[in-house]
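File shown here: structure-v4.pdb, holding PDB, C-alpha atoms.
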ATOM      1  CA  MET D1152     103.242 149.917  79.066
ATOM      2  CA  ARG D1153     100.079 151.491  77.696
ATOM      3  CA  SER D1154      98.424 154.211  79.764
ATOM      4  CA  LEU D1155      95.193 156.162  79.543
ATOM      5  CA  LYS D1156      96.768 158.821  77.334
ATOM      6  CA  ASP D1157      97.506 156.176  74.690
ATOM      7  CA  SER D1158      93.818 155.402  74.313
ATOM      8  CA  THR D1159      92.543 156.609  70.958
ATOM      9  CA  ILE D1160      88.946 156.322  72.119
ATOM     10  CA  LEU D1161      89.558 158.644  75.066
ATOM     11  CA  GLU D1162      91.580 161.075  73.004
ATOM     12  CA  VAL D1163      88.994 161.375  70.237
ATOM     13  CA  SER D1164      85.957 161.463  72.518
ATOM     14  CA  ILE D1165      87.323 164.031  74.981
ATOM     15  CA  THR D1166      88.889 166.232  72.320
ATOM     16  CA  LYS D1167      85.656 166.245  70.327
ATOM     17  CA  LEU D1168      83.707 166.893  73.509
ATOM     18  CA  PHE D1169      85.609 170.118  74.217
ATOM     19  CA  PRO D1170      83.689 172.501  71.867
ATOM     20  CA  PHE D1171      80.365 171.100  73.035
ATOM     21  CA  VAL D1172      81.266 171.608  76.693
ATOM     22  CA  LEU D1173      82.437 175.134  75.839
ATOM     23  CA  MET D1174      79.118 175.833  74.132
ATOM     24  CA  TYR D1175      77.173 174.309  77.021
ATOM     25  CA  SER D1176      79.077 176.478  79.505
ATOM     26  CA  PHE D1177      78.070 179.560  77.452
ATOM     27  CA  TYR D1178      74.484 178.332  77.627
ATOM     28  CA  VAL D1179      74.631 177.774  81.389
ATOM     29  CA  PHE D1180      75.911 181.256  82.159
ATOM     30  CA  SER D1181      73.745 182.996  79.524
ATOM     31  CA  TYR D1182      70.518 181.567  80.885
ATOM     32  CA  GLY D1183      71.761 181.752  84.477
ATOM     33  CA  ALA D1184      69.181 184.363  85.443
ATOM     34  CA  ASN D1185      66.218 182.292  84.333
ATOM     35  CA  LEU D1186      67.250 178.630  84.335
ATOM     36  CA  PRO D1187      69.325 176.543  86.753
ATOM     37  CA  GLY D1188      72.974 177.509  86.409
ATOM     38  CA  GLY D1189      75.009 180.683  86.521
ATOM     39  CA  GLY D1190      78.523 182.026  86.213
ATOM     40  CA  PHE D1191      80.145 179.829  88.863
ATOM     41  CA  GLN D1192      78.724 176.605  87.459
ATOM     42  CA  ALA D1193      79.588 177.529  83.870
ATOM     43  CA  GLY D1194      83.143 178.464  84.861
ATOM     44  CA  VAL D1195      83.604 175.145  86.638
ATOM     45  CA  LEU D1196      82.246 173.292  83.577
ATOM     46  CA  PHE D1197      84.810 174.962  81.331
ATOM     47  CA  GLY D1198      87.629 174.537  83.861
ATOM     48  CA  THR D1199      86.824 170.857  84.328
ATOM     49  CA  ILE D1200      87.042 169.904  80.660
ATOM     50  CA  VAL D1201      90.345 171.779  80.299
ATOM     51  CA  VAL D1202      91.744 170.105  83.423
ATOM     52  CA  ILE D1203      90.588 166.652  82.255
ATOM     53  CA  ILE D1204      92.260 167.096  78.876
ATOM     54  CA  GLU D1205      95.476 168.398  80.418
ATOM     55  CA  ALA D1206      95.608 165.743  83.140
ATOM     56  CA  LEU D1207      94.987 162.933  80.660
ATOM     57  CA  PHE D1208      97.278 163.999  77.859
ATOM     58  CA  GLU D1209      99.846 165.889  79.945
ATOM     59  CA  HIS D1210     100.095 168.976  77.796
ATOM     60  CA  LYS D1211      98.746 172.486  78.106
ATOM     61  CA  ILE D1212      96.121 173.287  75.509
ATOM     62  CA  TYR D1213      96.470 177.073  75.964
ATOM     63  CA  PRO D1214      99.210 179.063  77.724
ATOM     64  CA  ASP D1215      98.909 180.274  81.324
ATOM     65  CA  ALA D1216      98.877 183.898  80.173
ATOM     66  CA  LEU D1217      95.585 183.402  78.318
ATOM     67  CA  TYR D1218      93.831 182.147  81.454
ATOM     68  CA  GLY D1219      95.439 184.950  83.421
ATOM     69  CA  TRP D1220      93.900 187.445  80.994
ATOM     70  CA  ILE D1221      90.507 185.690  81.102
ATOM     71  CA  GLU D1222      90.591 185.906  84.895
ATOM     72  CA  PHE D1223      91.660 189.543  84.747
ATOM     73  CA  PHE D1224      88.807 190.491  82.357
ATOM     74  CA  GLY D1225      86.288 188.847  84.666
ATOM     75  CA  VAL D1226      87.491 190.789  87.674
ATOM     76  CA  ALA D1227      87.772 193.990  85.623
ATOM     77  CA  MET D1228      84.139 193.599  84.518
ATOM     78  CA  LEU D1229      83.006 193.149  88.101
ATOM     79  CA  GLY D1230      85.065 196.158  89.173
ATOM     80  CA  ALA D1231      83.630 198.207  86.302
ATOM     81  CA  ALA D1232      80.074 197.234  87.287
ATOM     82  CA  LEU D1233      80.811 198.199  90.874
ATOM     83  CA  ALA D1234      82.255 201.564  89.817
ATOM     84  CA  ALA D1235      79.488 202.238  87.268
ATOM     85  CA  GLY D1236      76.850 201.777  89.938
ATOM     86  CA  LEU D1237      78.722 204.192  92.169
ATOM     87  CA  VAL D1238      78.919 206.787  89.382
ATOM     88  CA  PHE D1239      75.285 206.508  88.229
ATOM     89  CA  SER D1240      73.512 206.118  91.556
ATOM     90  CA  GLY D1241      75.979 206.724  94.366
ATOM     91  CA  PHE D1242      75.786 203.072  95.473
ATOM     92  CA  PHE D1243      77.994 200.121  94.523
ATOM     93  CA  PHE D1244      76.278 198.168  91.708
ATOM     94  CA  GLY D1245      73.318 200.546  92.053
ATOM     95  CA  ARG D1246      70.616 201.349  89.464
ATOM     96  CA  LEU D1247      71.984 198.872  86.902
ATOM     97  CA  TYR D1248      69.289 196.285  87.567
ATOM     98  CA  ALA D1249      66.881 198.418  85.541
ATOM     99  CA  TRP D1250      68.438 197.214  82.258
ATOM    100  CA  GLN D1251      65.793 194.683  81.270
ATOM    101  CA  SER D1252      64.393 193.239  78.065
ATOM    102  CA  THR D1253      61.781 190.726  76.981
ATOM    103  CA  SER D1254      64.156 187.985  75.799
ATOM    104  CA  LEU D1255      64.980 185.042  78.044
ATOM    105  CA  VAL D1256      68.766 185.478  77.835
ATOM    106  CA  PHE D1257      68.747 189.228  78.446
ATOM    107  CA  SER D1258      65.714 189.392  80.709
ATOM    108  CA  ASN D1259      67.954 191.364  83.029
ATOM    109  CA  ILE D1260      71.079 192.564  81.220
ATOM    110  CA  PHE D1261      72.959 193.385  84.398
ATOM    111  CA  TYR D1262      72.499 189.801  85.623
ATOM    112  CA  TRP D1263      73.897 188.562  82.310
ATOM    113  CA  ILE D1264      76.923 190.854  82.635
ATOM    114  CA  LEU D1265      77.539 189.697  86.211
ATOM    115  CA  ASN D1266      77.214 186.048  85.186
ATOM    116  CA  LEU D1267      79.671 186.614  82.317
ATOM    117  CA  ALA D1268      82.169 188.304  84.641
ATOM    118  CA  ILE D1269      81.925 185.483  87.197
ATOM    119  CA  TYR D1270      82.140 182.875  84.412
ATOM    120  CA  LEU D1271      85.373 184.358  83.039
ATOM    121  CA  GLU D1272      86.906 184.748  86.473
ATOM    122  CA  VAL D1273      86.058 181.252  87.683
ATOM    123  CA  ALA D1274      87.038 179.570  84.392
ATOM    124  CA  GLY D1275      90.475 181.209  84.441
ATOM    125  CA  SER D1276      91.014 180.570  88.146
ATOM    126  CA  ILE D1277      90.033 176.887  88.071
ATOM    127  CA  VAL D1278      92.455 176.154  85.236
ATOM    128  CA  LEU D1279      95.301 178.114  86.836
ATOM    129  CA  MET D1280      94.738 176.466  90.224
ATOM    130  CA  PHE D1281      94.759 172.943  88.837
ATOM    131  CA  ARG D1282      97.739 173.657  86.602
ATOM    132  CA  ASN D1283      99.727 174.634  89.648
ATOM    133  CA  PHE D1284      98.741 171.392  91.373
ATOM    134  CA  LEU D1285      99.445 169.290  88.288
ATOM    135  CA  ASP D1286     102.883 170.852  87.819
ATOM    136  CA  TRP D1287     103.669 170.380  91.481
ATOM    137  CA  LYS D1288     106.401 167.740  91.522
ATOM    138  CA  ASP D1289     106.466 167.422  95.346
ATOM    139  CA  ALA D1290     102.776 166.554  95.645
TER
ATOM    140  CA  MET L1416     110.397 190.734  93.551
ATOM    141  CA  ARG L1417     107.561 188.318  92.803
ATOM    142  CA  LYS L1418     106.966 187.814  96.532
ATOM    143  CA  ILE L1419     106.623 191.563  97.015
ATOM    144  CA  LEU L1420     104.175 191.716  94.091
ATOM    145  CA  TYR L1421     102.039 188.947  95.573
ATOM    146  CA  CYS L1422     102.032 190.663  98.977
ATOM    147  CA  CYS L1423     101.078 193.992  97.363
ATOM    148  CA  PHE L1424      98.292 192.356  95.365
ATOM    149  CA  ALA L1425      96.921 190.586  98.434
ATOM    150  CA  ALA L1426      97.077 193.817 100.430
ATOM    151  CA  LEU L1427      95.297 195.636  97.598
ATOM    152  CA  LEU L1428      92.497 193.066  97.552
ATOM    153  CA  VAL L1429      92.020 193.253 101.311
ATOM    154  CA  LEU L1430      92.111 197.044 101.160
ATOM    155  CA  SER L1431      89.540 197.178  98.356
ATOM    156  CA  GLY L1432      87.275 194.883 100.375
ATOM    157  CA  GLY L1433      87.661 197.198 103.344
ATOM    158  CA  VAL L1434      86.902 200.257 101.230
ATOM    159  CA  ALA L1435      83.801 198.531  99.840
ATOM    160  CA  LEU L1436      82.563 197.684 103.316
ATOM    161  CA  ALA L1437      83.458 200.968 105.028
ATOM    162  CA  PRO L1438      80.351 202.932 103.899
ATOM    163  CA  LEU L1439      78.144 200.046 104.991
ATOM    164  CA  LEU L1440      79.753 199.809 108.411
ATOM    165  CA  SER L1441      79.464 203.529 109.060
ATOM    166  CA  GLU L1442      75.686 203.314 108.677
ATOM    167  CA  PHE L1443      75.370 199.937 110.355
ATOM    168  CA  GLN L1444      72.206 199.490 112.397
ATOM    169  CA  VAL L1445      70.671 196.357 113.802
ATOM    170  CA  GLN L1446      67.276 195.812 112.198
ATOM    171  CA  VAL L1447      64.777 193.390 113.663
ATOM    172  CA  ARG L1448      62.236 192.161 111.137
ATOM    173  CA  SER L1449      59.217 190.115 111.972
ATOM    174  CA  SER L1450      58.867 188.784 108.418
ATOM    175  CA  VAL L1451      61.186 187.661 105.647
ATOM    176  CA  PRO L1452      61.164 189.973 102.581
ATOM    177  CA  SER L1453      59.528 188.353  99.599
ATOM    178  CA  VAL L1454      62.230 187.104  97.264
ATOM    179  CA  GLN L1455      59.600 186.303  94.677
ATOM    180  CA  THR L1456      58.444 189.902  94.528
ATOM    181  CA  MET L1457      62.041 191.039  94.119
ATOM    182  CA  ALA L1458      62.657 188.458  91.374
ATOM    183  CA  VAL L1459      59.547 189.592  89.481
ATOM    184  CA  HIS L1460      60.669 193.215  89.843
ATOM    185  CA  MET L1461      64.085 192.295  88.394
ATOM    186  CA  ASN L1462      62.547 190.131  85.634
ATOM    187  CA  VAL L1463      64.492 187.056  86.802
ATOM    188  CA  HIS L1464      63.043 183.568  87.261
ATOM    189  CA  ASN L1465      65.936 181.724  88.900
ATOM    190  CA  MET L1466      65.530 182.377  92.626
ATOM    191  CA  VAL L1467      69.108 181.372  93.418
ATOM    192  CA  SER L1468      70.495 183.871  90.909
ATOM    193  CA  ALA L1469      68.008 186.466  92.099
ATOM    194  CA  ILE L1470      69.508 186.222  95.585
ATOM    195  CA  TYR L1471      73.233 185.784  94.954
ATOM    196  CA  LEU L1472      73.358 188.436  92.221
ATOM    197  CA  GLY L1473      70.806 190.661  93.936
ATOM    198  CA  PRO L1474      70.854 191.426  97.661
ATOM    199  CA  ARG L1475      73.864 189.112  98.187
ATOM    200  CA  LEU L1476      75.959 190.587  95.396
ATOM    201  CA  PHE L1477      78.647 191.767  97.786
ATOM    202  CA  ASP L1478      79.024 188.213  99.094
ATOM    203  CA  THR L1479      79.474 187.045  95.526
ATOM    204  CA  PHE L1480      82.003 189.793  94.845
ATOM    205  CA  LEU L1481      84.042 188.839  97.920
ATOM    206  CA  GLU L1482      83.807 185.151  96.932
ATOM    207  CA  VAL L1483      85.329 186.046  93.594
ATOM    208  CA  LEU L1484      88.137 187.893  95.373
ATOM    209  CA  ILE L1485      88.727 184.806  97.536
ATOM    210  CA  VAL L1486      89.063 182.648  94.411
ATOM    211  CA  ILE L1487      91.676 185.058  93.055
ATOM    212  CA  LEU L1488      93.514 185.060  96.380
ATOM    213  CA  THR L1489      93.522 181.254  96.251
ATOM    214  CA  VAL L1490      95.192 181.262  92.841
ATOM    215  CA  TYR L1491      97.868 183.697  93.974
ATOM    216  CA  GLY L1492      98.265 181.861  97.278
ATOM    217  CA  ILE L1493      98.941 178.597  95.473
ATOM    218  CA  LYS L1494     101.414 180.334  93.168
ATOM    219  CA  TYR L1495     103.160 181.913  96.134
ATOM    220  CA  ILE L1496     103.418 178.648  98.079
ATOM    221  CA  ARG L1497     104.651 176.882  94.980
ATOM    222  CA  SER L1498     107.328 179.511  94.443
ATOM    223  CA  GLN L1499     108.507 178.938  98.025
ATOM    224  CA  ALA L1500     108.594 175.124  97.715
TER
END

Here is the file; what I need is its structure written in the form of structure tokens.
Amino acid sequence: MRSLKDSTILEVSITKLFPFVLMYSFYVFSYGANLPGGGFQAGVLFGTIVVIIEALFEHKIYPDALYGWIEFFGVAMLGAALAAGLVFSGFFFGRLYAWQSTSLVFSNIFYWILNLAIYLEVAGSIVLMFRNFLDWKDA
Amino acid sequence: MRKILYCCFAALLVLSGGVALAPLLSEFQVQVRSSVPSVQTMAVHMNVHNMVSAIYLGPRLFDTFLEVLIVILTVYGIKYIRSQA
């Protein structure tokens, strides 16, 4: 019996869609400070396309460890920003908002860093969460 | 062993949240304001045009940080429950 994963149209379209969704998620978090979007939304975009591919074709496209590291880097960046603010100004996340430029992406560099950290953390977490549900035989 | 690691990690996250909040709680005072601070002025000062980002990565950054910790706890919670099933 043929199932969805046997569909060549789905396989080609979704596989080819992956790099574009990845690029769009970069765009969403990069411009998060000035356009609609941000780290959470971009992370969910990335996580969704990975989950769709894995749910449809029933194979992991990257190992769990990679997403674990992505998640870890996101949290480490947030922790580093928190600690850096404490070191430079005596307050958590303090005095880092002054890093500004004239470009649209880096209009406030600290916002971009925070969006990147949240993007990495959410992207890794969404994939790991859904992988655990998908592997769950009792569910 | 893995169960102990999960418990330690969860305890560490809760502890770090407590440490982050402790200085705020020690200086906690109820403030009554008759007007809402201008978010637009703050956004212009920070050179940011997205008001939502200006709030959740500005004055509400600690909320965002704790949200991120909750997402991590969720991942480890699911892993822990799955290991018990």

What are the residues of chain D lining chain L at 8 Å or less? Count only C-alpha atoms, and put the answer as an MDAnalysis selection string.
chainID D and resid 1183:1187 1189 1226 1229 1248:1249 1251 1258:1259 1262 1265 1269 1272:1273 1276 1279:1280 1283 1287

Report, in Å with one decimal, the straight-line distance from atom CA of D:Leu1168 to atom CA of D:Asn1266.
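Straight-line distance from atom CA of D:Leu1168 to atom CA of D:Asn1266 works out to 23.4 Å.
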
In Å, how far is it from atom CA of L:Met1457 to atom CA of D:Val1195?
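Computing the Euclidean distance for atom CA of L:Met1457 and atom CA of D:Val1195 yields 27.8 Å.
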
Result set of the PyMOL selection byres ((chain D and resi 1215) around 12) on the coordinates above, as a VMD selection string
chain D and resid 1210 to 1214 1216 to 1222 1275 to 1283

Could you take the residues named above and write them with C-alpha atoms, as a short mmCIF file (atom, residue, chain, number, x, y, z; two decimals), keeping the file's coordinate frame?
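Heads up, here's the output in out-v9.cif:
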data_model
loop_
_atom_site.label_atom_id
_atom_site.label_comp_id
_atom_site.auth_asym_id
_atom_site.auth_seq_id
_atom_site.Cartn_x
_atom_site.Cartn_y
_atom_site.Cartn_z
CA HIS D 1210 100.10 168.98 77.80
CA LYS D 1211 98.75 172.49 78.11
CA ILE D 1212 96.12 173.29 75.51
CA TYR D 1213 96.47 177.07 75.96
CA PRO D 1214 99.21 179.06 77.72
CA ALA D 1216 98.88 183.90 80.17
CA LEU D 1217 95.58 183.40 78.32
CA TYR D 1218 93.83 182.15 81.45
CA GLY D 1219 95.44 184.95 83.42
CA TRP D 1220 93.90 187.44 80.99
CA ILE D 1221 90.51 185.69 81.10
CA GLU D 1222 90.59 185.91 84.90
CA GLY D 1275 90.48 181.21 84.44
CA SER D 1276 91.01 180.57 88.15
CA ILE D 1277 90.03 176.89 88.07
CA VAL D 1278 92.46 176.15 85.24
CA LEU D 1279 95.30 178.11 86.84
CA MET D 1280 94.74 176.47 90.22
CA PHE D 1281 94.76 172.94 88.84
CA ARG D 1282 97.74 173.66 86.60
CA ASN D 1283 99.73 174.63 89.65
#

Interatomic distance, atom CA of D:Leu1207 to atom CA of D:Lys1156 (Å, one decimal)
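Going from atom CA of D:Leu1207 over to atom CA of D:Lys1156 covers 5.6 Å.
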
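Shortest atom-to-atom contact with D:Leu1255 among D:Ser1164, D:Leu1173, D:Ile1200, D:Tyr1182: D:Tyr1182, counting only C-alpha atoms.
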
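In this comparison, which uses only C-alpha atoms, the residue of D:Phe1244, D:Tyr1270, D:Trp1263, D:Phe1224 approaching D:Phe1197 most closely is D:Tyr1270.
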
Padding of 4 Å on every side, edges along x, y and z, all listed atoms of stretch 1476-1485 of chain L included: what centre and edge lengths in Å, to one decimal, does that box have, as lines of an AutoDock Vina configuration file?
center_x = 82.3
center_y = 188.3
center_z = 96.3
size_x = 20.8
size_y = 15.0
size_z = 13.5

I need the residue set behind the PyMOL selection byres ((chain D and resi 1177) around 12) for this file; please write it as number ranges by chain.
D: 1170-1176, 1178-1183, 1188-1197, 1256, 1263, 1266-1267, 1270-1271, 1274

Spatial neighbours of D:Ile1264, max dist 8 Å, only C-alpha atoms, sep filter under 4 positions, as JSON, numbers by chain
{"D": [1228, 1260, 1268]}
